[in-house]
$ cat my_file-v2.cif   # mmCIF, N, CA and C atoms, pLDDT in the B column; chains and numbers go by the auth columns
data_work
loop_
_atom_site.group_PDB
_atom_site.id
_atom_site.type_symbol
_atom_site.label_atom_id
_atom_site.label_comp_id
_atom_site.label_asym_id
_atom_site.label_seq_id
_atom_site.Cartn_x
_atom_site.Cartn_y
_atom_site.Cartn_z
_atom_site.B_iso_or_equiv
_atom_site.auth_seq_id
_atom_site.auth_asym_id
ATOM 1 N N MET A 1 122.692 138.150 -33.435 57.00 60 E
ATOM 2 C CA MET A 1 122.965 139.351 -34.157 57.00 60 E
ATOM 3 C C MET A 1 121.937 140.393 -33.804 57.00 60 E
ATOM 4 N N GLY A 2 122.250 141.137 -32.842 57.00 61 E
ATOM 5 C CA GLY A 2 121.308 142.165 -32.464 57.00 61 E
ATOM 6 C C GLY A 2 121.285 142.338 -30.974 57.00 61 E
ATOM 7 N N ASP A 3 120.167 142.024 -30.382 61.00 62 E
ATOM 8 C CA ASP A 3 119.973 142.263 -28.963 61.00 62 E
ATOM 9 C C ASP A 3 120.847 141.337 -28.125 61.00 62 E
ATOM 10 N N THR A 4 121.609 141.948 -27.221 64.00 63 E
ATOM 11 C CA THR A 4 122.446 141.143 -26.331 64.00 63 E
ATOM 12 C C THR A 4 121.787 140.929 -24.974 64.00 63 E
ATOM 13 N N GLY A 5 120.608 141.497 -24.786 61.00 64 E
ATOM 14 C CA GLY A 5 119.894 141.314 -23.530 61.00 64 E
ATOM 15 C C GLY A 5 120.257 142.314 -22.469 61.00 64 E
ATOM 16 N N ARG A 6 121.191 143.205 -22.774 61.00 65 E
ATOM 17 C CA ARG A 6 121.599 144.208 -21.792 61.00 65 E
ATOM 18 C C ARG A 6 120.691 145.425 -21.883 61.00 65 E
ATOM 19 N N ALA A 7 120.371 145.961 -20.735 59.00 66 E
ATOM 20 C CA ALA A 7 119.558 147.170 -20.688 59.00 66 E
ATOM 21 C C ALA A 7 120.442 148.366 -21.011 59.00 66 E
ATOM 22 N N PRO A 8 119.861 149.445 -21.516 57.00 67 E
ATOM 23 C CA PRO A 8 120.665 150.641 -21.765 57.00 67 E
ATOM 24 C C PRO A 8 121.269 151.151 -20.463 57.00 67 E
ATOM 25 N N SER A 9 122.494 151.680 -20.549 60.00 68 E
ATOM 26 C CA SER A 9 123.210 152.074 -19.337 60.00 68 E
ATOM 27 C C SER A 9 122.671 153.357 -18.721 60.00 68 E
ATOM 28 N N ALA A 10 122.087 154.230 -19.509 58.00 69 E
ATOM 29 C CA ALA A 10 121.605 155.494 -18.964 58.00 69 E
ATOM 30 C C ALA A 10 120.153 155.705 -19.371 58.00 69 E
ATOM 31 N N VAL A 11 119.368 156.109 -18.420 59.00 70 E
ATOM 32 C CA VAL A 11 117.967 156.421 -18.664 59.00 70 E
ATOM 33 C C VAL A 11 117.857 157.934 -18.787 59.00 70 E
ATOM 34 N N PRO A 12 117.216 158.449 -19.825 64.00 71 E
ATOM 35 C CA PRO A 12 117.103 159.912 -19.960 64.00 71 E
ATOM 36 C C PRO A 12 116.423 160.531 -18.744 64.00 71 E
ATOM 37 N N GLY A 13 116.999 161.609 -18.256 64.00 72 E
ATOM 38 C CA GLY A 13 116.436 162.301 -17.103 64.00 72 E
ATOM 39 C C GLY A 13 116.884 161.737 -15.773 64.00 72 E
ATOM 40 N N GLN A 14 117.715 160.719 -15.782 63.00 73 E
ATOM 41 C CA GLN A 14 118.187 160.120 -14.546 63.00 73 E
ATOM 42 C C GLN A 14 119.664 160.437 -14.378 63.00 73 E
ATOM 43 N N GLU A 15 120.036 160.868 -13.175 65.00 74 E
ATOM 44 C CA GLU A 15 121.437 161.182 -12.921 65.00 74 E
ATOM 45 C C GLU A 15 122.240 159.898 -12.814 65.00 74 E
ATOM 46 N N PRO A 16 123.476 159.905 -13.314 61.00 75 E
ATOM 47 C CA PRO A 16 124.295 158.700 -13.195 61.00 75 E
ATOM 48 C C PRO A 16 124.725 158.481 -11.748 61.00 75 E
ATOM 49 N N THR A 17 124.946 157.233 -11.415 62.00 76 E
ATOM 50 C CA THR A 17 125.399 156.933 -10.060 62.00 76 E
ATOM 51 C C THR A 17 126.818 157.435 -9.895 62.00 76 E
ATOM 52 N N PRO A 18 127.152 157.979 -8.735 69.00 77 E
ATOM 53 C CA PRO A 18 128.470 158.571 -8.566 69.00 77 E
ATOM 54 C C PRO A 18 129.607 157.545 -8.574 69.00 77 E
ATOM 55 N N MET A 19 129.355 156.342 -8.095 74.00 78 E
ATOM 56 C CA MET A 19 130.402 155.328 -8.065 74.00 78 E
ATOM 57 C C MET A 19 129.742 153.961 -8.235 74.00 78 E
ATOM 58 N N PRO A 20 130.365 153.077 -9.016 86.00 79 E
ATOM 59 C CA PRO A 20 129.768 151.753 -9.200 86.00 79 E
ATOM 60 C C PRO A 20 129.757 150.956 -7.893 86.00 79 E
ATOM 61 N N ARG A 21 128.800 150.075 -7.799 90.00 80 E
ATOM 62 C CA ARG A 21 128.616 149.304 -6.572 90.00 80 E
ATOM 63 C C ARG A 21 129.818 148.419 -6.258 90.00 80 E
ATOM 64 N N LEU A 22 130.412 147.804 -7.272 92.00 81 E
ATOM 65 C CA LEU A 22 131.576 146.951 -7.034 92.00 81 E
ATOM 66 C C LEU A 22 132.760 147.734 -6.479 92.00 81 E
ATOM 67 N N ALA A 23 132.897 148.981 -6.896 92.00 82 E
ATOM 68 C CA ALA A 23 133.973 149.815 -6.353 92.00 82 E
ATOM 69 C C ALA A 23 133.732 150.100 -4.871 92.00 82 E
ATOM 70 N N LEU A 24 132.491 150.324 -4.502 93.00 83 E
ATOM 71 C CA LEU A 24 132.188 150.550 -3.087 93.00 83 E
ATOM 72 C C LEU A 24 132.466 149.304 -2.258 93.00 83 E
ATOM 73 N N TYR A 25 132.114 148.143 -2.783 95.00 84 E
ATOM 74 C CA TYR A 25 132.404 146.893 -2.073 95.00 84 E
ATOM 75 C C TYR A 25 133.912 146.692 -1.928 95.00 84 E
ATOM 76 N N ALA A 26 134.667 146.996 -2.983 95.00 85 E
ATOM 77 C CA ALA A 26 136.116 146.835 -2.927 95.00 85 E
ATOM 78 C C ALA A 26 136.732 147.795 -1.919 95.00 85 E
ATOM 79 N N LEU A 27 136.209 149.011 -1.844 95.00 86 E
ATOM 80 C CA LEU A 27 136.715 149.960 -0.852 95.00 86 E
ATOM 81 C C LEU A 27 136.400 149.506 0.570 95.00 86 E
ATOM 82 N N ALA A 28 135.226 148.923 0.762 96.00 87 E
ATOM 83 C CA ALA A 28 134.873 148.417 2.090 96.00 87 E
ATOM 84 C C ALA A 28 135.790 147.258 2.485 96.00 87 E
ATOM 85 N N VAL A 29 136.065 146.359 1.546 97.00 88 E
ATOM 86 C CA VAL A 29 136.976 145.242 1.820 97.00 88 E
ATOM 87 C C VAL A 29 138.374 145.767 2.122 97.00 88 E
ATOM 88 N N CYS A 30 138.796 146.788 1.395 97.00 89 E
ATOM 89 C CA CYS A 30 140.112 147.379 1.627 97.00 89 E
ATOM 90 C C CYS A 30 140.208 147.964 3.035 97.00 89 E
ATOM 91 N N ALA A 31 139.209 148.712 3.438 97.00 90 E
ATOM 92 C CA ALA A 31 139.225 149.309 4.774 97.00 90 E
ATOM 93 C C ALA A 31 139.220 148.238 5.866 97.00 90 E
ATOM 94 N N LEU A 32 138.408 147.215 5.687 98.00 91 E
ATOM 95 C CA LEU A 32 138.367 146.137 6.679 98.00 91 E
ATOM 96 C C LEU A 32 139.679 145.357 6.721 98.00 91 E
ATOM 97 N N ALA A 33 140.316 145.176 5.578 97.00 92 E
ATOM 98 C CA ALA A 33 141.589 144.473 5.545 97.00 92 E
ATOM 99 C C ALA A 33 142.685 145.279 6.228 97.00 92 E
ATOM 100 N N VAL A 34 142.655 146.582 6.082 97.00 93 E
ATOM 101 C CA VAL A 34 143.649 147.432 6.766 97.00 93 E
ATOM 102 C C VAL A 34 143.457 147.346 8.278 97.00 93 E
ATOM 103 N N VAL A 35 142.219 147.399 8.717 97.00 94 E
ATOM 104 C CA VAL A 35 141.948 147.278 10.158 97.00 94 E
ATOM 105 C C VAL A 35 142.398 145.911 10.664 97.00 94 E
ATOM 106 N N ALA A 36 142.114 144.862 9.912 97.00 95 E
ATOM 107 C CA ALA A 36 142.523 143.517 10.322 97.00 95 E
ATOM 108 C C ALA A 36 144.043 143.392 10.351 97.00 95 E
ATOM 109 N N ALA A 37 144.734 144.043 9.417 97.00 96 E
ATOM 110 C CA ALA A 37 146.194 143.997 9.406 97.00 96 E
ATOM 111 C C ALA A 37 146.766 144.696 10.629 97.00 96 E
ATOM 112 N N VAL A 38 146.201 145.838 10.983 97.00 97 E
ATOM 113 C CA VAL A 38 146.680 146.564 12.173 97.00 97 E
ATOM 114 C C VAL A 38 146.461 145.730 13.419 97.00 97 E
ATOM 115 N N VAL A 39 145.297 145.143 13.542 97.00 98 E
ATOM 116 C CA VAL A 39 145.000 144.311 14.719 97.00 98 E
ATOM 117 C C VAL A 39 145.940 143.113 14.769 97.00 98 E
ATOM 118 N N SER A 40 146.204 142.502 13.623 97.00 99 E
ATOM 119 C CA SER A 40 147.092 141.339 13.589 97.00 99 E
ATOM 120 C C SER A 40 148.515 141.709 13.994 97.00 99 E
ATOM 121 N N PHE A 41 149.012 142.823 13.460 96.00 100 E
ATOM 122 C CA PHE A 41 150.374 143.223 13.792 96.00 100 E
ATOM 123 C C PHE A 41 150.499 143.663 15.245 96.00 100 E
ATOM 124 N N VAL A 42 149.482 144.320 15.772 97.00 101 E
ATOM 125 C CA VAL A 42 149.522 144.742 17.173 97.00 101 E
ATOM 126 C C VAL A 42 149.516 143.533 18.096 97.00 101 E
ATOM 127 N N SER A 43 148.785 142.503 17.719 97.00 102 E
ATOM 128 C CA SER A 43 148.741 141.296 18.552 97.00 102 E
ATOM 129 C C SER A 43 149.960 140.398 18.349 97.00 102 E
ATOM 130 N N GLY A 44 150.863 140.783 17.443 95.00 103 E
ATOM 131 C CA GLY A 44 152.095 140.031 17.255 95.00 103 E
ATOM 132 C C GLY A 44 152.004 138.917 16.238 95.00 103 E
ATOM 133 N N SER A 45 150.987 138.902 15.440 94.00 104 E
ATOM 134 C CA SER A 45 150.815 137.840 14.448 94.00 104 E
ATOM 135 C C SER A 45 151.339 138.306 13.089 94.00 104 E
ATOM 136 N N TRP A 46 152.009 137.397 12.395 93.00 105 E
ATOM 137 C CA TRP A 46 152.486 137.700 11.057 93.00 105 E
ATOM 138 C C TRP A 46 151.395 137.489 10.004 93.00 105 E
ATOM 139 N N LEU A 47 150.222 137.110 10.429 95.00 106 E
ATOM 140 C CA LEU A 47 149.099 136.956 9.507 95.00 106 E
ATOM 141 C C LEU A 47 148.694 138.303 8.892 95.00 106 E
ATOM 142 N N GLY A 48 149.134 139.391 9.511 95.00 107 E
ATOM 143 C CA GLY A 48 148.846 140.717 8.980 95.00 107 E
ATOM 144 C C GLY A 48 149.388 140.931 7.587 95.00 107 E
ATOM 145 N N VAL A 49 150.427 140.180 7.214 97.00 108 E
ATOM 146 C CA VAL A 49 150.982 140.294 5.861 97.00 108 E
ATOM 147 C C VAL A 49 149.924 139.911 4.829 97.00 108 E
ATOM 148 N N VAL A 50 149.161 138.889 5.113 97.00 109 E
ATOM 149 C CA VAL A 50 148.094 138.467 4.200 97.00 109 E
ATOM 150 C C VAL A 50 147.034 139.556 4.091 97.00 109 E
ATOM 151 N N TRP A 51 146.712 140.189 5.196 96.00 110 E
ATOM 152 C CA TRP A 51 145.718 141.262 5.183 96.00 110 E
ATOM 153 C C TRP A 51 146.221 142.468 4.391 96.00 110 E
ATOM 154 N N VAL A 52 147.507 142.765 4.489 97.00 111 E
ATOM 155 C CA VAL A 52 148.064 143.872 3.709 97.00 111 E
ATOM 156 C C VAL A 52 147.971 143.566 2.217 97.00 111 E
ATOM 157 N N LEU A 53 148.276 142.327 1.847 97.00 112 E
ATOM 158 C CA LEU A 53 148.163 141.946 0.441 97.00 112 E
ATOM 159 C C LEU A 53 146.713 142.031 -0.045 97.00 112 E
ATOM 160 N N LEU A 54 145.782 141.616 0.792 97.00 113 E
ATOM 161 C CA LEU A 54 144.364 141.707 0.427 97.00 113 E
ATOM 162 C C LEU A 54 143.932 143.165 0.291 97.00 113 E
ATOM 163 N N ALA A 55 144.443 144.034 1.159 97.00 114 E
ATOM 164 C CA ALA A 55 144.117 145.461 1.060 97.00 114 E
ATOM 165 C C ALA A 55 144.641 146.039 -0.254 97.00 114 E
ATOM 166 N N GLY A 56 145.844 145.653 -0.647 97.00 115 E
ATOM 167 C CA GLY A 56 146.385 146.137 -1.909 97.00 115 E
ATOM 168 C C GLY A 56 145.584 145.650 -3.100 97.00 115 E
ATOM 169 N N LEU A 57 145.200 144.402 -3.090 97.00 116 E
ATOM 170 C CA LEU A 57 144.402 143.854 -4.182 97.00 116 E
ATOM 171 C C LEU A 57 143.045 144.542 -4.284 97.00 116 E
ATOM 172 N N SER A 58 142.384 144.721 -3.156 97.00 117 E
ATOM 173 C CA SER A 58 141.052 145.324 -3.193 97.00 117 E
ATOM 174 C C SER A 58 141.108 146.804 -3.560 97.00 117 E
ATOM 175 N N SER A 59 142.171 147.513 -3.170 96.00 118 E
ATOM 176 C CA SER A 59 142.271 148.921 -3.579 96.00 118 E
ATOM 177 C C SER A 59 142.497 149.024 -5.087 96.00 118 E
ATOM 178 N N ASN A 60 143.281 148.107 -5.646 96.00 119 E
ATOM 179 C CA ASN A 60 143.463 148.104 -7.103 96.00 119 E
ATOM 180 C C ASN A 60 142.153 147.782 -7.813 96.00 119 E
ATOM 181 N N MET A 61 141.368 146.884 -7.258 95.00 120 E
ATOM 182 C CA MET A 61 140.073 146.574 -7.851 95.00 120 E
ATOM 183 C C MET A 61 139.152 147.787 -7.812 95.00 120 E
ATOM 184 N N ALA A 62 139.178 148.522 -6.709 94.00 121 E
ATOM 185 C CA ALA A 62 138.337 149.716 -6.603 94.00 121 E
ATOM 186 C C ALA A 62 138.727 150.747 -7.659 94.00 121 E
ATOM 187 N N TRP A 63 140.025 150.987 -7.818 95.00 122 E
ATOM 188 C CA TRP A 63 140.467 151.935 -8.841 95.00 122 E
ATOM 189 C C TRP A 63 140.067 151.476 -10.235 95.00 122 E
ATOM 190 N N TYR A 64 140.165 150.185 -10.480 94.00 123 E
ATOM 191 C CA TYR A 64 139.784 149.652 -11.791 94.00 123 E
ATOM 192 C C TYR A 64 138.306 149.922 -12.083 94.00 123 E
ATOM 193 N N TYR A 65 137.438 149.614 -11.125 92.00 124 E
ATOM 194 C CA TYR A 65 136.008 149.802 -11.355 92.00 124 E
ATOM 195 C C TYR A 65 135.636 151.279 -11.466 92.00 124 E
ATOM 196 N N ILE A 66 136.315 152.135 -10.729 91.00 125 E
ATOM 197 C CA ILE A 66 136.046 153.572 -10.831 91.00 125 E
ATOM 198 C C ILE A 66 136.462 154.091 -12.200 91.00 125 E
ATOM 199 N N ARG A 67 137.655 153.708 -12.657 92.00 126 E
ATOM 200 C CA ARG A 67 138.131 154.184 -13.957 92.00 126 E
ATOM 201 C C ARG A 67 137.296 153.616 -15.098 92.00 126 E
ATOM 202 N N ARG A 68 136.863 152.364 -14.959 91.00 127 E
ATOM 203 C CA ARG A 68 136.027 151.774 -16.008 91.00 127 E
ATOM 204 C C ARG A 68 134.686 152.492 -16.090 91.00 127 E
ATOM 205 N N ALA A 69 134.122 152.861 -14.955 88.00 128 E
ATOM 206 C CA ALA A 69 132.849 153.589 -14.967 88.00 128 E
ATOM 207 C C ALA A 69 133.016 154.967 -15.595 88.00 128 E
ATOM 208 N N ARG A 70 134.150 155.606 -15.340 87.00 129 E
ATOM 209 C CA ARG A 70 134.387 156.937 -15.941 87.00 129 E
ATOM 210 C C ARG A 70 134.528 156.839 -17.452 87.00 129 E
ATOM 211 N N THR A 71 135.210 155.817 -17.931 88.00 130 E
ATOM 212 C CA THR A 71 135.372 155.699 -19.381 88.00 130 E
ATOM 213 C C THR A 71 134.069 155.307 -20.072 88.00 130 E
ATOM 214 N N GLU A 72 133.235 154.510 -19.394 85.00 131 E
ATOM 215 C CA GLU A 72 131.933 154.160 -19.977 85.00 131 E
ATOM 216 C C GLU A 72 130.999 155.353 -19.995 85.00 131 E
ATOM 217 N N ALA A 73 131.138 156.255 -19.022 80.00 132 E
ATOM 218 C CA ALA A 73 130.258 157.412 -18.949 80.00 132 E
ATOM 219 C C ALA A 73 130.580 158.429 -20.038 80.00 132 E
ATOM 220 N N SER A 74 131.843 158.475 -20.450 81.00 133 E
ATOM 221 C CA SER A 74 132.208 159.483 -21.455 81.00 133 E
ATOM 222 C C SER A 74 132.178 158.943 -22.855 81.00 133 E
#
$ encode --input "my_file-v2.cif" --output "structure tokens"
Amino acid sequence: MGDTGRAPSAVPGQEPTPMPRLALYALAVCALAVVAAVVSFVSGSWLGVVWVLLAGLSSNMAWYYIRRARTEAS
């Protein structure tokens, strides 16, 4: 009942980070998955379907983390 061990989210006088780190990681995974899908399809492999699905999942994760950070900031 009381302290949960979490540090305060904002320090006075410090600018908030523009985008959460997990969103940046998800965007990087999305970009790499798109490149892998293109390479797979160009080489004639149907494995590109898996890469497209991974790109969709990671882009949704990025949007989720961005929107969650915006709602926590306000």
$ residues_around --input "my_file-v2.cif" --residues "Tyr124 in chain E" --least-positions-apart "6" --cutoff "6.5 Å" --atoms "only N, CA and C atoms" --output "mmCIF file with N, CA and C atoms, keeping the file's coordinate frame"
data_model
loop_
_atom_site.group_PDB
_atom_site.id
_atom_site.type_symbol
_atom_site.label_atom_id
_atom_site.label_comp_id
_atom_site.auth_asym_id
_atom_site.auth_seq_id
_atom_site.Cartn_x
_atom_site.Cartn_y
_atom_site.Cartn_z
ATOM 1 N N PRO E 79 130.365 153.077 -9.016
ATOM 2 C CA PRO E 79 129.768 151.753 -9.200
ATOM 3 C C PRO E 79 129.757 150.956 -7.893
ATOM 4 N N LEU E 81 130.412 147.804 -7.272
ATOM 5 C CA LEU E 81 131.576 146.951 -7.034
ATOM 6 C C LEU E 81 132.760 147.734 -6.479
ATOM 7 N N ALA E 82 132.897 148.981 -6.896
ATOM 8 C CA ALA E 82 133.973 149.815 -6.353
ATOM 9 C C ALA E 82 133.732 150.100 -4.871
#
$ residues_around --input "my_file-v2.cif" --residues "range 114-119 of chain E" --least-positions-apart "3" --cutoff "12 Å" --atoms "only C-alpha atoms" --output "ChimeraX atom specification"
/E:81-97,107-111,122-126
$ atom_distance --input "my_file-v2.cif" --atom1 "atom N of Val101 in chain E" --atom2 "atom N of Leu113 in chain E"
15.7 Å
$ atom_distance --input "my_file-v2.cif" --atom1 "atom C of Arg80 in chain E" --atom2 "atom C of Leu112 in chain E"
19.1 Å
$ atom_distance --input "my_file-v2.cif" --atom1 "CA of Met78 in chain E" --atom2 "CA of Ala128 in chain E"
7.5 Å
$ decode --input "my_file-v2.cif" --residues "range 93-120 of chain E" --atoms "N, CA, C and O atoms" --output "mmCIF file, in the first residue's frame"
data_model
loop_
_atom_site.group_PDB
_atom_site.id
_atom_site.type_symbol
_atom_site.label_atom_id
_atom_site.label_comp_id
_atom_site.auth_asym_id
_atom_site.auth_seq_id
_atom_site.Cartn_x
_atom_site.Cartn_y
_atom_site.Cartn_z
ATOM 1 N N VAL E 93 9.962 -5.835 -43.885
ATOM 2 C CA VAL E 93 9.538 -5.451 -45.245
ATOM 3 C C VAL E 93 10.664 -5.725 -46.239
ATOM 4 O O VAL E 93 10.427 -6.274 -47.323
ATOM 5 N N VAL E 94 11.875 -5.375 -45.867
ATOM 6 C CA VAL E 94 13.020 -5.646 -46.751
ATOM 7 C C VAL E 94 13.181 -7.150 -46.955
ATOM 8 O O VAL E 94 13.402 -7.620 -48.078
ATOM 9 N N ALA E 95 13.048 -7.924 -45.892
ATOM 10 C CA ALA E 95 13.176 -9.379 -46.008
ATOM 11 C C ALA E 95 12.060 -9.958 -46.872
ATOM 12 O O ALA E 95 12.292 -10.900 -47.648
ATOM 13 N N ALA E 96 10.855 -9.400 -46.781
ATOM 14 C CA ALA E 96 9.749 -9.881 -47.604
ATOM 15 C C ALA E 96 10.010 -9.601 -49.076
ATOM 16 O O ALA E 96 9.779 -10.466 -49.936
ATOM 17 N N VAL E 97 10.517 -8.417 -49.378
ATOM 18 C CA VAL E 97 10.824 -8.078 -50.779
ATOM 19 C C VAL E 97 11.896 -9.003 -51.320
ATOM 20 O O VAL E 97 11.768 -9.539 -52.431
ATOM 21 N N VAL E 98 12.931 -9.223 -50.549
ATOM 22 C CA VAL E 98 14.017 -10.111 -50.993
ATOM 23 C C VAL E 98 13.494 -11.527 -51.194
ATOM 24 O O VAL E 98 13.832 -12.201 -52.179
ATOM 25 N N SER E 99 12.639 -11.989 -50.293
ATOM 26 C CA SER E 99 12.094 -13.343 -50.413
ATOM 27 C C SER E 99 11.230 -13.492 -51.660
ATOM 28 O O SER E 99 11.333 -14.476 -52.393
ATOM 29 N N PHE E 100 10.368 -12.507 -51.904
ATOM 30 C CA PHE E 100 9.498 -12.597 -53.071
ATOM 31 C C PHE E 100 10.278 -12.463 -54.372
ATOM 32 O O PHE E 100 9.965 -13.135 -55.361
ATOM 33 N N VAL E 101 11.301 -11.627 -54.386
ATOM 34 C CA VAL E 101 12.114 -11.477 -55.594
ATOM 35 C C VAL E 101 12.866 -12.763 -55.897
ATOM 36 O O VAL E 101 13.014 -13.155 -57.057
ATOM 37 N N SER E 102 13.311 -13.448 -54.861
ATOM 38 C CA SER E 102 14.034 -14.706 -55.075
ATOM 39 C C SER E 102 13.098 -15.882 -55.343
ATOM 40 O O SER E 102 13.566 -16.988 -55.581
ATOM 41 N N GLY E 103 11.784 -15.643 -55.312
ATOM 42 C CA GLY E 103 10.829 -16.688 -55.646
ATOM 43 C C GLY E 103 10.389 -17.538 -54.476
ATOM 44 O O GLY E 103 9.764 -18.577 -54.669
ATOM 45 N N SER E 104 10.649 -17.112 -53.283
ATOM 46 C CA SER E 104 10.282 -17.893 -52.101
ATOM 47 C C SER E 104 8.953 -17.388 -51.535
ATOM 48 O O SER E 104 8.697 -16.179 -51.478
ATOM 49 N N TRP E 105 8.119 -18.328 -51.114
ATOM 50 C CA TRP E 105 6.862 -17.964 -50.485
ATOM 51 C C TRP E 105 7.039 -17.659 -48.996
ATOM 52 O O TRP E 105 6.068 -17.367 -48.308
ATOM 53 N N LEU E 106 8.248 -17.731 -48.512
ATOM 54 C CA LEU E 106 8.526 -17.385 -47.120
ATOM 55 C C LEU E 106 8.265 -15.896 -46.854
ATOM 56 O O LEU E 106 8.086 -15.485 -45.707
ATOM 57 N N GLY E 107 8.188 -15.109 -47.920
ATOM 58 C CA GLY E 107 7.894 -13.689 -47.778
ATOM 59 C C GLY E 107 6.563 -13.420 -47.117
ATOM 60 O O GLY E 107 6.361 -12.360 -46.515
ATOM 61 N N VAL E 108 5.635 -14.376 -47.201
ATOM 62 C CA VAL E 108 4.333 -14.211 -46.547
ATOM 63 C C VAL E 108 4.521 -14.080 -45.037
ATOM 64 O O VAL E 108 3.868 -13.255 -44.386
ATOM 65 N N VAL E 109 5.413 -14.858 -44.481
ATOM 66 C CA VAL E 109 5.689 -14.781 -43.042
ATOM 67 C C VAL E 109 6.281 -13.420 -42.693
ATOM 68 O O VAL E 109 5.921 -12.812 -41.676
ATOM 69 N N TRP E 110 7.151 -12.913 -43.536
ATOM 70 C CA TRP E 110 7.756 -11.603 -43.292
ATOM 71 C C TRP E 110 6.712 -10.491 -43.375
ATOM 72 O O TRP E 110 6.773 -9.530 -42.611
ATOM 73 N N VAL E 111 5.764 -10.616 -44.289
ATOM 74 C CA VAL E 111 4.699 -9.615 -44.381
ATOM 75 C C VAL E 111 3.852 -9.626 -43.112
ATOM 76 O O VAL E 111 3.489 -8.565 -42.587
ATOM 77 N N LEU E 112 3.544 -10.820 -42.617
ATOM 78 C CA LEU E 112 2.778 -10.909 -41.376
ATOM 79 C C LEU E 112 3.553 -10.312 -40.197
ATOM 80 O O LEU E 112 2.971 -9.626 -39.340
ATOM 81 N N LEU E 113 4.847 -10.561 -40.152
ATOM 82 C CA LEU E 113 5.674 -9.987 -39.084
ATOM 83 C C LEU E 113 5.725 -8.465 -39.197
ATOM 84 O O LEU E 113 5.698 -7.762 -38.183
ATOM 85 N N ALA E 114 5.783 -7.948 -40.421
ATOM 86 C CA ALA E 114 5.782 -6.493 -40.613
ATOM 87 C C ALA E 114 4.468 -5.889 -40.117
ATOM 88 O O ALA E 114 4.465 -4.833 -39.473
ATOM 89 N N GLY E 115 3.357 -6.550 -40.397
ATOM 90 C CA GLY E 115 2.075 -6.048 -39.920
ATOM 91 C C GLY E 115 1.980 -6.066 -38.408
ATOM 92 O O GLY E 115 1.497 -5.100 -37.795
ATOM 93 N N LEU E 116 2.439 -7.124 -37.794
ATOM 94 C CA LEU E 116 2.413 -7.216 -36.338
ATOM 95 C C LEU E 116 3.286 -6.144 -35.693
ATOM 96 O O LEU E 116 2.867 -5.458 -34.757
ATOM 97 N N SER E 117 4.486 -5.965 -36.212
ATOM 98 C CA SER E 117 5.392 -4.991 -35.603
ATOM 99 C C SER E 117 4.923 -3.557 -35.833
ATOM 100 O O SER E 117 5.122 -2.702 -34.969
ATOM 101 N N SER E 118 4.277 -3.277 -36.969
ATOM 102 C CA SER E 118 3.758 -1.917 -37.169
ATOM 103 C C SER E 118 2.606 -1.638 -36.203
ATOM 104 O O SER E 118 2.486 -0.523 -35.677
ATOM 105 N N ASN E 119 1.773 -2.642 -35.947
ATOM 106 C CA ASN E 119 0.702 -2.457 -34.960
ATOM 107 C C ASN E 119 1.280 -2.247 -33.565
ATOM 108 O O ASN E 119 0.747 -1.441 -32.787
ATOM 109 N N MET E 120 2.346 -2.945 -33.239
ATOM 110 C CA MET E 120 2.985 -2.747 -31.943
ATOM 111 C C MET E 120 3.550 -1.338 -31.825
ATOM 112 O O MET E 120 3.444 -0.698 -30.765
#
